[in-house]
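Shown here: run10.txt, compact mmCIF, C-alpha atoms and all ligand atoms.
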# COMPACT_ATOMS: atom_id res chain seq x y z
CA MET A 364 -13.52 -7.26 25.73
CA GLU A 365 -9.91 -8.02 26.62
CA GLU A 366 -7.41 -5.72 24.90
CA ARG A 367 -5.13 -7.21 22.30
CA LYS A 368 -1.60 -7.78 23.53
CA VAL A 369 1.06 -6.00 21.53
CA ALA A 370 4.28 -7.80 20.59
CA LEU A 371 7.41 -6.48 18.90
CA ILE A 372 9.66 -8.97 17.10
CA THR A 373 13.17 -8.10 15.98
CA GLY A 374 14.43 -10.48 13.30
CA VAL A 375 10.88 -10.93 12.01
CA THR A 376 12.15 -11.65 8.49
CA GLY A 377 14.24 -14.59 9.76
CA GLN A 378 13.32 -18.23 10.33
CA ASP A 379 12.13 -17.93 13.93
CA GLY A 380 10.67 -14.44 13.57
CA SER A 381 8.40 -15.49 10.73
CA TYR A 382 7.05 -18.53 12.61
CA LEU A 383 6.63 -16.51 15.79
CA ALA A 384 4.73 -13.73 13.99
CA GLU A 385 2.28 -16.30 12.59
CA PHE A 386 1.93 -17.94 16.00
CA LEU A 387 1.24 -14.68 17.87
CA LEU A 388 -1.25 -13.51 15.24
CA ARG A 389 -3.11 -16.80 15.75
CA LYS A 390 -3.12 -16.06 19.49
CA GLY A 391 -4.82 -12.72 18.81
CA TYR A 392 -1.81 -10.43 19.29
CA GLU A 393 -1.13 -7.20 17.46
CA VAL A 394 2.28 -7.96 16.00
CA HIS A 395 4.98 -5.49 14.98
CA GLY A 396 8.21 -6.49 13.33
CA ILE A 397 11.46 -4.69 12.64
CA LYS A 398 12.89 -5.20 9.19
CA ARG A 399 16.15 -3.96 7.81
CA ARG A 400 16.42 -1.86 4.72
CA SER A 401 17.82 -4.09 1.98
CA SER A 402 18.53 -3.53 -1.70
CA SER A 403 16.65 -6.74 -2.51
CA PHE A 404 13.48 -8.25 -1.06
CA ASN A 405 14.04 -9.72 2.39
CA THR A 406 10.43 -10.44 3.37
CA GLY A 407 10.01 -13.77 1.56
CA ARG A 408 9.27 -15.62 4.81
CA ILE A 409 6.50 -13.22 5.89
CA ASP A 410 4.96 -12.11 2.61
CA HIS A 411 1.98 -14.41 3.18
CA ILE A 412 1.03 -12.57 6.39
CA TYR A 413 2.08 -9.09 5.37
CA GLN A 414 -0.78 -6.99 4.09
CA ASP A 415 -0.83 -3.85 2.08
CA PRO A 416 -0.67 -1.13 4.80
CA HIS A 417 -3.62 0.57 3.12
CA THR A 418 -5.93 -2.39 3.72
CA LYS A 419 -5.21 -3.20 7.36
CA ASP A 420 -6.86 -6.59 7.79
CA LEU A 421 -4.30 -8.40 9.91
CA PRO A 422 -2.87 -6.63 12.95
CA PHE A 423 0.65 -7.03 11.59
CA GLU A 424 2.93 -4.10 10.89
CA LEU A 425 6.53 -3.77 9.74
CA HIS A 426 8.87 -0.97 10.77
CA TYR A 427 12.21 -0.20 9.21
CA GLY A 428 14.95 -0.50 11.78
CA ASP A 429 18.23 -1.95 12.86
CA LEU A 430 19.65 -3.23 16.12
CA THR A 431 22.66 -0.97 15.61
CA ASP A 432 20.50 2.19 15.76
CA SER A 433 19.36 3.21 19.26
CA THR A 434 17.31 6.21 18.18
CA ASN A 435 15.31 4.07 15.82
CA LEU A 436 14.68 1.39 18.46
CA ILE A 437 13.58 3.97 21.03
CA ARG A 438 11.18 5.57 18.57
CA ILE A 439 9.58 2.28 17.51
CA ILE A 440 9.15 1.12 21.11
CA GLN A 441 7.77 4.51 22.14
CA ASP A 442 5.24 4.40 19.31
CA ILE A 443 3.93 0.90 19.86
CA GLN A 444 4.34 0.48 23.68
CA PRO A 445 4.75 -3.31 23.42
CA ASP A 446 3.69 -5.76 26.13
CA GLU A 447 6.30 -8.21 24.89
CA ILE A 448 9.53 -7.85 22.93
CA TYR A 449 11.09 -10.91 21.32
CA ASN A 450 14.67 -10.10 20.38
CA LEU A 451 15.40 -12.59 17.61
CA GLY A 452 17.43 -10.26 15.38
CA ALA A 453 21.08 -11.19 15.05
CA GLN A 454 23.95 -11.88 12.70
CA SER A 455 23.25 -15.53 13.42
CA HIS A 456 25.84 -17.38 11.33
CA VAL A 457 28.69 -18.71 13.48
CA GLN A 458 31.23 -18.95 10.66
CA VAL A 459 30.41 -15.48 9.33
CA SER A 460 31.11 -14.11 12.81
CA PHE A 461 34.80 -14.99 12.36
CA ASP A 462 34.86 -12.75 9.26
CA ALA A 463 32.71 -9.95 10.70
CA PRO A 464 33.37 -10.05 14.44
CA GLU A 465 32.86 -6.36 15.17
CA TYR A 466 29.56 -6.13 13.31
CA THR A 467 28.40 -9.37 14.94
CA THR A 468 29.24 -7.95 18.37
CA ASN A 469 27.53 -4.66 17.63
CA THR A 470 24.29 -6.37 16.60
CA ASP A 471 24.24 -9.46 18.82
CA ALA A 472 25.66 -7.95 22.03
CA LEU A 473 25.15 -4.17 21.96
CA GLY A 474 21.84 -4.53 20.13
CA VAL A 475 20.44 -6.25 23.22
CA LEU A 476 21.72 -3.48 25.48
CA ARG A 477 20.10 -0.90 23.20
CA LEU A 478 16.71 -2.60 23.48
CA LEU A 479 16.95 -2.99 27.25
CA GLU A 480 17.99 0.65 27.63
CA ALA A 481 15.12 1.74 25.37
CA ILE A 482 12.69 -0.05 27.68
CA ARG A 483 14.29 1.64 30.69
CA ILE A 484 14.51 5.15 29.18
CA LEU A 485 10.85 4.97 28.15
CA GLY A 486 9.74 3.94 31.66
CA LEU A 487 8.44 0.57 30.47
CA THR A 488 10.36 -1.73 32.84
CA GLN A 489 7.19 -2.83 34.59
CA LYS A 490 5.10 -3.13 31.43
CA THR A 491 7.27 -4.68 28.71
CA LYS A 492 8.44 -8.27 28.99
CA PHE A 493 11.66 -9.10 27.16
CA TYR A 494 12.79 -12.34 25.50
CA GLN A 495 16.44 -12.74 24.49
CA ALA A 496 17.37 -15.37 21.88
CA SER A 497 20.23 -17.04 23.70
CA THR A 498 21.91 -20.10 22.30
CA SER A 499 23.51 -23.45 23.00
CA GLU A 500 26.62 -21.98 21.33
CA LEU A 501 27.26 -20.43 24.77
CA TYR A 502 28.34 -23.88 26.00
CA GLY A 503 30.97 -24.15 23.26
CA LYS A 504 33.82 -26.32 24.45
CA VAL A 505 32.32 -29.31 26.21
CA GLN A 506 32.21 -28.85 29.99
CA GLU A 507 29.33 -31.19 30.79
CA VAL A 508 26.74 -33.34 28.94
CA PRO A 509 23.85 -33.01 28.66
CA GLN A 510 23.86 -29.22 28.97
CA THR A 511 21.41 -27.55 31.37
CA GLU A 512 20.63 -24.04 32.62
CA ASN A 513 23.48 -24.55 35.13
CA THR A 514 26.23 -25.81 32.80
CA PRO A 515 29.19 -23.38 32.64
CA PHE A 516 29.66 -21.42 29.41
CA TYR A 517 32.78 -21.54 27.20
CA PRO A 518 31.98 -19.72 23.94
CA ARG A 519 34.02 -20.65 20.86
CA SER A 520 33.28 -17.93 18.27
CA PRO A 521 32.80 -14.17 18.08
CA TYR A 522 29.08 -14.94 17.68
CA ALA A 523 28.98 -16.97 20.88
CA VAL A 524 31.03 -14.41 22.82
CA ALA A 525 28.62 -11.66 21.72
CA LYS A 526 25.70 -13.85 22.79
CA LEU A 527 27.41 -14.35 26.16
CA TYR A 528 27.32 -10.59 26.76
CA ALA A 529 23.69 -10.57 25.63
CA TYR A 530 22.85 -13.36 28.06
CA TRP A 531 24.39 -11.60 31.04
CA ILE A 532 23.09 -8.11 30.27
CA THR A 533 19.60 -9.61 30.15
CA VAL A 534 20.14 -11.24 33.56
CA ASN A 535 21.60 -7.99 34.90
CA TYR A 536 18.65 -5.82 33.79
CA ARG A 537 16.27 -8.36 35.32
CA GLU A 538 18.08 -8.13 38.65
CA ALA A 539 18.94 -4.41 38.61
CA TYR A 540 15.59 -3.03 37.43
CA ASP A 541 13.20 -5.77 38.41
CA MET A 542 12.33 -6.34 34.75
CA TYR A 543 10.62 -9.38 33.28
CA ALA A 544 13.60 -10.27 31.05
CA VAL A 545 14.50 -13.85 30.18
CA ASN A 546 16.93 -15.91 28.13
CA GLY A 547 15.76 -18.84 26.08
CA ILE A 548 18.87 -21.00 25.65
CA LEU A 549 17.81 -22.71 22.47
CA PHE A 550 19.63 -25.60 20.84
CA ASN A 551 19.74 -25.77 17.02
CA HIS A 552 16.33 -25.67 15.42
CA GLU A 553 15.67 -25.96 11.74
CA SER A 554 12.76 -25.92 9.31
CA PRO A 555 11.92 -25.65 5.62
CA VAL A 556 12.60 -21.89 5.88
CA ARG A 557 16.01 -22.30 7.50
CA GLY A 558 18.66 -20.10 5.85
CA GLU A 559 20.31 -21.93 2.94
CA THR A 560 23.84 -21.64 4.37
CA PHE A 561 23.17 -23.48 7.64
CA VAL A 562 24.28 -27.06 7.34
CA THR A 563 20.87 -28.79 7.55
CA ARG A 564 19.23 -26.75 4.81
CA LYS A 565 22.37 -26.87 2.70
CA ILE A 566 22.16 -30.67 2.90
CA THR A 567 18.41 -31.04 2.27
CA ARG A 568 18.52 -28.64 -0.70
CA ALA A 569 21.52 -30.46 -2.15
CA ALA A 570 19.94 -33.89 -1.62
CA VAL A 571 16.76 -33.08 -3.55
CA ARG A 572 18.58 -31.18 -6.27
CA ILE A 573 21.08 -34.01 -6.77
CA ALA A 574 18.25 -36.57 -6.81
CA ALA A 575 16.48 -34.45 -9.45
CA GLY A 576 19.62 -34.17 -11.60
CA LEU A 577 19.87 -30.40 -11.05
CA GLN A 578 23.18 -30.50 -9.21
CA GLU A 579 26.13 -32.89 -9.19
CA LYS A 580 27.45 -32.67 -5.65
CA THR A 581 27.78 -30.51 -2.57
CA TYR A 582 30.77 -29.48 -0.46
CA LEU A 583 30.74 -29.68 3.33
CA GLY A 584 33.12 -29.15 6.26
CA ASN A 585 33.25 -31.05 9.55
CA LEU A 586 31.03 -34.15 9.34
CA GLU A 587 31.73 -35.22 12.92
CA ALA A 588 30.19 -32.21 14.73
CA LYS A 589 27.22 -33.28 16.84
CA ARG A 590 24.12 -31.16 17.26
CA ASP A 591 20.81 -31.42 19.09
CA TRP A 592 18.47 -30.52 16.21
CA GLY A 593 14.78 -29.71 16.70
CA HIS A 594 12.03 -28.08 14.63
CA ALA A 595 11.66 -24.28 14.80
CA LYS A 596 7.87 -24.59 15.01
CA ASP A 597 8.21 -26.32 18.39
CA TYR A 598 10.79 -23.85 19.66
CA ILE A 599 8.89 -20.61 19.02
CA GLU A 600 6.08 -21.95 21.19
CA GLY A 601 8.61 -22.30 24.02
CA MET A 602 9.66 -18.65 23.57
CA TYR A 603 6.07 -17.55 24.00
CA LEU A 604 5.59 -19.73 27.10
CA MET A 605 8.71 -18.21 28.70
CA LEU A 606 7.00 -14.80 28.67
CA GLN A 607 3.75 -16.11 30.22
CA GLN A 608 5.12 -17.22 33.61
CA GLU A 609 4.59 -15.66 37.04
CA GLU A 610 8.31 -15.06 37.50
CA PRO A 611 10.99 -14.45 34.87
CA GLU A 612 13.36 -17.40 34.48
CA ASP A 613 15.85 -18.68 31.89
CA PHE A 614 15.16 -21.99 30.13
CA VAL A 615 16.93 -24.49 27.90
CA LEU A 616 14.93 -25.77 24.91
CA ALA A 617 16.34 -28.94 23.34
CA THR A 618 15.28 -32.39 22.15
CA GLY A 619 17.79 -34.33 24.30
CA GLU A 620 19.08 -36.22 21.22
CA THR A 621 22.29 -35.57 19.36
CA HIS A 622 23.36 -36.52 15.82
CA THR A 623 26.45 -35.95 13.69
CA VAL A 624 26.35 -33.91 10.50
CA ARG A 625 27.22 -37.21 8.76
CA ASP A 626 24.08 -38.84 10.19
CA PHE A 627 22.00 -35.87 9.03
CA CYS A 628 23.45 -36.31 5.51
CA GLU A 629 22.68 -40.03 5.41
CA ARG A 630 19.08 -39.58 6.48
CA ALA A 631 18.42 -36.54 4.29
CA PHE A 632 19.82 -38.24 1.19
CA ARG A 633 17.84 -41.40 2.00
CA HIS A 634 14.61 -39.38 2.28
CA ALA A 635 15.47 -37.85 -1.10
CA GLY A 636 15.98 -41.35 -2.59
CA ILE A 637 19.80 -41.69 -2.47
CA SER A 638 21.70 -44.23 -0.32
CA LEU A 639 25.07 -42.86 0.73
CA GLU A 640 28.36 -44.70 1.17
CA TRP A 641 31.56 -43.08 2.39
CA ILE A 642 35.05 -43.65 1.00
CA GLY A 643 38.41 -42.13 1.95
CA GLU A 644 39.43 -40.31 5.10
CA GLY A 645 39.81 -36.79 6.44
CA ILE A 646 39.54 -34.09 3.81
CA ASP A 647 39.76 -36.75 1.09
CA GLU A 648 36.58 -38.38 2.30
CA LYS A 649 33.71 -38.55 -0.17
CA GLY A 650 30.03 -39.36 0.03
CA ILE A 651 29.11 -41.70 -2.82
CA ASN A 652 25.71 -42.49 -4.28
CA ALA A 653 25.68 -46.26 -3.54
CA GLU A 654 23.66 -47.03 -6.65
CA THR A 655 25.50 -44.99 -9.28
CA GLY A 656 28.95 -44.61 -7.69
CA ASP A 657 28.80 -40.83 -8.27
CA THR A 658 30.47 -38.55 -5.73
CA VAL A 659 27.71 -36.45 -4.20
CA ILE A 660 29.50 -35.03 -1.12
CA GLU A 661 33.06 -33.70 -0.99
CA ILE A 662 34.90 -32.15 1.91
CA ASP A 663 36.07 -28.56 1.45
CA PRO A 664 38.34 -27.26 4.24
CA ARG A 665 37.00 -23.72 3.78
CA TYR A 666 33.96 -24.84 5.78
CA PHE A 667 36.04 -25.80 8.82
CA ARG A 668 35.88 -23.26 11.61
CA PRO A 669 38.91 -21.82 13.45
CA THR A 670 37.38 -23.10 16.69
CA GLU A 671 34.61 -25.68 16.52
CA VAL A 672 31.84 -26.73 18.90
CA ASP A 673 32.09 -30.52 18.86
CA LEU A 674 29.12 -31.74 20.85
CA LEU A 675 25.80 -30.22 21.88
CA ILE A 676 23.05 -32.09 23.63
CA GLY A 677 20.53 -30.32 25.83
CA ASP A 678 18.49 -31.27 28.86
CA ALA A 679 15.15 -29.42 28.75
CA THR A 680 13.74 -30.92 31.97
CA GLN A 681 13.03 -27.46 33.43
CA ALA A 682 11.04 -26.46 30.36
CA HIS A 683 9.10 -29.74 30.40
CA GLU A 684 8.24 -29.38 34.07
CA LYS A 685 7.62 -25.64 34.46
CA LEU A 686 6.46 -24.56 31.00
CA GLY A 687 4.78 -27.81 29.95
CA TRP A 688 6.90 -27.56 26.78
CA ASN A 689 7.59 -30.70 24.77
CA PRO A 690 8.88 -30.84 21.20
CA LYS A 691 6.49 -32.65 18.84
CA PHE A 692 8.71 -33.28 15.79
CA THR A 693 11.13 -36.22 15.84
CA PHE A 694 14.51 -35.92 14.12
CA ASP A 695 13.29 -37.86 11.07
CA GLU A 696 10.06 -35.86 10.87
CA LEU A 697 12.11 -32.66 10.82
CA ILE A 698 14.23 -33.96 7.94
CA GLU A 699 11.17 -35.23 6.05
CA ASP A 700 9.49 -31.84 6.42
CA MET A 701 12.56 -30.05 5.03
CA ILE A 702 13.02 -32.51 2.16
CA ARG A 703 9.33 -32.33 1.21
CA GLU A 704 9.37 -28.52 1.01
CA ASP A 705 12.65 -28.45 -0.90
CA GLN A 706 11.21 -30.92 -3.39
CA GLN A 707 8.21 -28.66 -3.86
CA GLU A 708 10.44 -25.66 -4.31
CA ILE A 709 12.33 -27.19 -7.22
CA ASN A 710 9.10 -28.30 -8.82
CA VAL A 711 7.37 -24.99 -8.44
CA ASP A 712 9.97 -22.34 -8.97
CA ASN A 713 12.80 -22.81 -11.40
CA LYS A 714 14.23 -19.46 -10.45
CA THR A 715 15.56 -21.05 -7.28
CA ASN A 716 17.58 -23.56 -9.23
CA GLU A 717 20.90 -21.78 -9.15
CA ASP A 718 23.54 -23.88 -7.49
CA TYR A 719 23.96 -21.79 -4.33
CA SER A 720 25.93 -24.44 -2.49
CA ARG A 721 28.82 -24.08 -4.93
CA ILE A 722 28.93 -20.29 -5.02
CA ALA A 723 28.07 -19.43 -1.42
CA LYS A 724 31.09 -19.27 0.83
CA PHE A 725 29.39 -20.89 3.80
P1 LIG B 1 17.98 -15.92 11.02
O1 LIG B 1 19.39 -15.70 10.60
O2 LIG B 1 17.07 -16.72 10.17
O3 LIG B 1 17.28 -14.49 11.25
C1 LIG B 1 17.97 -13.42 11.82
C2 LIG B 1 17.10 -12.19 11.73
O4 LIG B 1 17.82 -11.07 12.29
C3 LIG B 1 16.73 -11.77 10.29
O5 LIG B 1 15.44 -11.24 10.30
C4 LIG B 1 17.74 -10.67 9.99
O6 LIG B 1 17.31 -9.76 9.01
C5 LIG B 1 17.78 -9.99 11.36
N1 LIG B 1 18.94 -9.13 11.56
C6 LIG B 1 20.24 -9.42 11.32
N2 LIG B 1 21.01 -8.36 11.63
C7 LIG B 1 20.18 -7.39 12.09
C8 LIG B 1 20.38 -6.06 12.55
N3 LIG B 1 21.58 -5.50 12.60
N4 LIG B 1 19.29 -5.35 12.94
C9 LIG B 1 18.05 -5.90 12.89
N5 LIG B 1 17.81 -7.14 12.45
C10 LIG B 1 18.87 -7.88 12.06
O7 LIG B 1 18.05 -16.52 12.51
P2 LIG B 1 17.04 -17.54 13.24
O8 LIG B 1 15.65 -17.15 12.96
O9 LIG B 1 17.51 -18.92 12.98
O10 LIG B 1 17.40 -17.25 14.77
C11 LIG B 1 16.70 -16.25 15.52
C12 LIG B 1 17.54 -15.85 16.71
O11 LIG B 1 17.77 -16.98 17.54
C13 LIG B 1 18.93 -15.30 16.38
O12 LIG B 1 19.22 -14.31 17.35
C14 LIG B 1 19.85 -16.50 16.56
O13 LIG B 1 21.15 -16.05 16.90
C15 LIG B 1 19.17 -17.19 17.72
N6 LIG B 1 19.31 -18.64 17.79
C16 LIG B 1 18.99 -19.42 16.71
C17 LIG B 1 19.04 -20.78 16.81
C18 LIG B 1 18.70 -21.66 15.65
O14 LIG B 1 19.07 -22.85 15.71
N7 LIG B 1 17.99 -21.20 14.66
C19 LIG B 1 19.44 -21.45 18.08
C20 LIG B 1 19.71 -20.52 19.15
C21 LIG B 1 19.64 -19.17 19.00
P3 LIG B 1 17.49 -10.10 7.42
O15 LIG B 1 16.38 -11.06 7.08
O16 LIG B 1 17.36 -8.77 6.79
O17 LIG B 1 18.84 -10.72 7.27
P1 LIG B 2 25.65 -23.76 14.10
O1 LIG B 2 24.90 -24.17 12.74
O2 LIG B 2 27.02 -23.30 13.87
O3 LIG B 2 25.45 -24.91 15.05
O4 LIG B 2 24.80 -22.49 14.58
P2 LIG B 2 25.45 -24.59 11.30
O5 LIG B 2 24.34 -25.29 10.65
O6 LIG B 2 26.08 -23.44 10.59
O7 LIG B 2 26.63 -25.64 11.66
C1 LIG B 2 26.37 -26.83 12.36
C2 LIG B 2 27.60 -27.73 12.30
O8 LIG B 2 27.79 -28.20 10.94
C3 LIG B 2 29.15 -28.10 10.60
N1 LIG B 2 29.28 -28.02 9.15
C4 LIG B 2 28.86 -27.00 8.38
N2 LIG B 2 28.19 -25.86 8.68
C5 LIG B 2 27.85 -25.03 7.66
N3 LIG B 2 27.16 -23.92 7.93
N4 LIG B 2 28.18 -25.31 6.36
C6 LIG B 2 28.87 -26.45 6.01
O9 LIG B 2 29.15 -26.68 4.84
C7 LIG B 2 29.21 -27.34 7.07
N5 LIG B 2 29.84 -28.55 7.09
C8 LIG B 2 29.87 -28.95 8.36
C9 LIG B 2 29.62 -26.86 11.35
O10 LIG B 2 31.04 -26.86 11.45
C10 LIG B 2 28.90 -27.02 12.67
O11 LIG B 2 29.64 -27.85 13.52
C11 LIG B 2 23.37 -22.49 14.51
C12 LIG B 2 22.93 -21.03 14.26
O12 LIG B 2 21.53 -21.03 14.02
C13 LIG B 2 23.23 -20.17 15.47
O13 LIG B 2 22.62 -18.89 15.28
C14 LIG B 2 22.61 -20.83 16.71
O14 LIG B 2 22.93 -20.05 17.85
C15 LIG B 2 23.14 -22.25 16.87
O15 LIG B 2 22.81 -22.99 15.71
C16 LIG B 2 22.52 -22.96 18.07
When written as C-alpha cells, how does the structure in this file appear?
Ligand code: NDP
Ligand code: GDR
Amino acid sequence: MEERKVALITGVTGQDGSYLAEFLLRKGYEVHGIKRRSSSFNTGRIDHIYQDPHTKDLPFELHYGDLTDSTNLIRIIQDIQPDEIYNLGAQSHVQVSFDAPEYTTNTDALGVLRLLEAIRILGLTQKTKFYQASTSELYGKVQEVPQTENTPFYPRSPYAVAKLYAYWITVNYREAYDMYAVNGILFNHESPVRGETFVTRKITRAAVRIAAGLQEKTYLGNLEAKRDWGHAKDYIEGMYLMLQQEEPEDFVLATGETHTVRDFCERAFRHAGISLEWIGEGIDEKGINAETGDTVIEIDPRYFRPTEVDLLIGDATQAHEKLGWNPKFTFDELIEDMIREDQQEINVDNKTNEDYSRIAKF
C-alpha cells in the first residue's frame, strides 16, 4: 500500500487553510495544522473536521504554534517530517498592515524565512516541498494589465512589501538549495467563510442583514477599486497542483475578470433582494434602496487606505496550460454562494446578529 503523504498547513484556521485541509484529507493525506493560542475560539472554520485527539478517526492534527517562533516551527517540522508545507499563515489584512507594520513584517516576511530555514536545518530540502501564499498585492501600482508571472512588482502597503520579501526568499531558497519551493501568486479569492472585515464578506453580510431588517446600513471606503475576485474553493486546488509538478515553478491564479467594489455591492444587494441606486458624489455618495429610498450604504473615509491598489486583473494562462487549472465559479455564482450562506447564518444563529460592520474598524 502507498504511504499517506503528510502535509503541514500554517494558517489552517483561516479561509484558505480550512478549505485546503478538507481537500487534502479527501485526497488521503495526513494533515497537520498550526494554530495560534487565542483567548477565544479560533477554530470555527475547522471544527467540523477536527476530532477529539483521543478518538483519532481522521488523520488531522492541530499543533499550537506561531510564525514568529522559530523553535516551535523547527520542533513541529521535526516531529511530523512533512512531504508538503503550505504556508498560508499571515496577517492578511492590507489595511491592518498600515497600523501594525512591524508585526505584519515579522509574520509575513520573516515567518517564511523561519520555515525555509527549518527545512534546511532539519536536512529536509530534498524531501519537503514548500508552497508560499504570494499575492496579487505584489503588483500594487499598475505597471501592466493583465498581470502575469512576469509583470514587475510595485507593492503599496506594509503587507505587500512583506510579501515581496517572502516571494523572493522563496525563489532564493529554490535556487540556492535546489528546493522544491514555489510561489502561488493568487488574486483575491473569497467564500462564505471569508473574514468579515474583507470587503466582499462585509458587503454580503450587510446585504442580507439589511434585507432582513437586522441592520440599517453599512459603511464602506473606496468603491472604485477594481479586483479580480474568484472562489477560494477553486484556488486551493491550484495550490495543491503547484506542488505536484516535475519542476518547481511560480504561477498566477486569477479569473481574468475585474469588477469594482461598487459592482460587487450592486450584485450582492440584488441577490439579497435590494436594488441599489447611487446619489451624491465622493465621500457624500450614498447607496439607496431604490424601493424604499432608505440609505443602505454610506462612505466613511476611515476605510480609505494611505496608498491604494486601484486595478488588479490577472492572466492565469500558465496555470491553465501547465497545471490544467481552471476556476469553476463565475463571479455571480461566488456572490450567490456567499449570500446564501449569510442568509442561513442569520436564520440559524442569532448570536451572530451583532452589527459588526458598525463597530469593526475595517
Ligand atoms: P486569513 O486571514 O483567513 O487566514 C490567515 C491565517 O493565518 C489564520 O489561520 C491566522 O490565524 C493565521 N495567522 C495569522 N498570524 C499568524 C502567526 N503569526 N502565526 C501563525 N499563524 C498566523 O487569510 P486567507 O485564508 O484569506 O489567506 C491565506 C494566505 O493567502 C495568507 O497568507 C494571505 O496573505 C494569502 N493570500 C490571500 C488571498 C485572498 O484573497 N484570500 C490572495 C492572495 C494571498 P487566526 O485564525 O488565529 O487569526
Ligand atoms: P484586499 O482586500 O485589500 O484586496 O486584500 P479587501 O477586501 O480588504 O479590499 C478590497 C478593496 O475594497 C476596498 N474597500 C474596502 N475594503 C475593506 N476591507 N473594507 C471596506 O469597508 C472597504 N471599502 C472599500 C479596499 O480599499 C480595496 O481596494 C485581499 C487580502 O485577502 C490579502 O491578504 C490578499 O493578498 C489580497 O486580497 C489579494
Residues of chain A within 6 Å of ligand LIG 2 (chain B): nearest atom pair and distance (Å, one decimal) for each, counting only C-alpha atoms and all ligand atoms, sorted by chain and number, as CSV?
residue,atom,partner,partner_atom,distance
A:Ser455,CA,B:LIG2,O13,3.9
A:His456,CA,B:LIG2,O13,5.3
A:Val457,CA,B:LIG2,O2,4.9
A:Thr498,CA,B:LIG2,O14,4.6
A:Ser499,CA,B:LIG2,C16,5.1
A:Glu500,CA,B:LIG2,C16,5.3
A:Phe550,CA,B:LIG2,C16,4.8
A:Asn551,CA,B:LIG2,C16,4.1
A:Thr560,CA,B:LIG2,N3,5.4
A:Phe561,CA,B:LIG2,O5,3.7
A:Val562,CA,B:LIG2,O5,3.8
A:Thr563,CA,B:LIG2,O5,5.8
A:Leu583,CA,B:LIG2,O9,3.7
A:Gly584,CA,B:LIG2,N5,3.4
A:Asn585,CA,B:LIG2,C8,4.2
A:Leu586,CA,B:LIG2,C8,5.4
A:Ala588,CA,B:LIG2,O11,4.6
A:Val624,CA,B:LIG2,O8,5.9
A:Tyr666,CA,B:LIG2,O9,5.2
A:Phe667,CA,B:LIG2,O10,5.7
A:Val672,CA,B:LIG2,O11,5.9
A:Phe725,CA,B:LIG2,N4,5.2
Could you list, as a PyMOL selection string, every residue within 12 Å of Tyr528 in chain A, counting all atoms listed in the file and ignoring same-chain residues fewer than 3 positions away? chain A and resi 467-476+495+497-498+501+516+518+521-525+531-535+546
Box in all listed atoms of ligand LIG 1 (chain B), axis-aligned, with 5 Å more on each side; write out centre and edge lengths in Å to one decimal as JSON.
{"center_x": 18.5, "center_y": -14.1, "center_z": 13.0, "size_x": 16.1, "size_y": 27.5, "size_z": 22.4}
Would you list the residues that come within 8 Å of ligand LIG 1 (chain B)? Count all atoms listed in the file and give the answer as a PyMOL selection string. chain A and resi 373-381+397-401+405-406+428-431+450-456+469-471+474+495-500+526+548-553+557-558+592+595
In the coordinates of the file, take the point (14.5, -23.0, 1.7) and a cut-off of 8 Å; then, counting only C-alpha atoms, name each qualifying protein, DNA or RNA residue as a VMD selection string. chain A and resid 555 to 559 564 568 704 to 705 708
Could you save the residues just selected, with C-alpha atoms, as a PDB file, keeping the file's coordinate frame?
ATOM      1  CA  PRO A 555      11.920 -25.650   5.620  1.00  0.00           C
ATOM      2  CA  VAL A 556      12.600 -21.890   5.880  1.00  0.00           C
ATOM      3  CA  ARG A 557      16.010 -22.300   7.500  1.00  0.00           C
ATOM      4  CA  GLY A 558      18.660 -20.100   5.850  1.00  0.00           C
ATOM      5  CA  GLU A 559      20.310 -21.930   2.940  1.00  0.00           C
ATOM      6  CA  ARG A 564      19.230 -26.750   4.810  1.00  0.00           C
ATOM      7  CA  ARG A 568      18.520 -28.640  -0.700  1.00  0.00           C
ATOM      8  CA  GLU A 704       9.370 -28.520   1.010  1.00  0.00           C
ATOM      9  CA  ASP A 705      12.650 -28.450  -0.900  1.00  0.00           C
ATOM     10  CA  GLU A 708      10.440 -25.660  -4.310  1.00  0.00           C
TER      11      GLU A 708
END
Rows by chain and residue number, range 660-704 of chain A within 12 Å of range 506-510 of chain A, shortest pair, all atoms listed in the file, as a tab-separated table:
residue	atom	partner	partner_atom	distance
A:Val672	CA	A:Gln506	CA	11.3
A:Asp673	CA	A:Gln506	CA	11.3
A:Leu674	CA	A:Val508	CA	8.6
A:Leu675	CA	A:Gln510	CA	7.4
A:Ile676	CA	A:Pro509	CA	5.2
A:Gly677	CA	A:Gln510	CA	4.7
A:Asp678	CA	A:Pro509	CA	5.6
A:Ala679	CA	A:Gln510	CA	8.7
A:Thr680	CA	A:Gln510	CA	10.7
A:Gln681	CA	A:Gln510	CA	11.8
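Counting all atoms listed in the file, the residue from A:Lys490, A:Asp597, A:Ser554, A:Tyr540 that sits nearest to Phe386 in chain A is A:Asp597.
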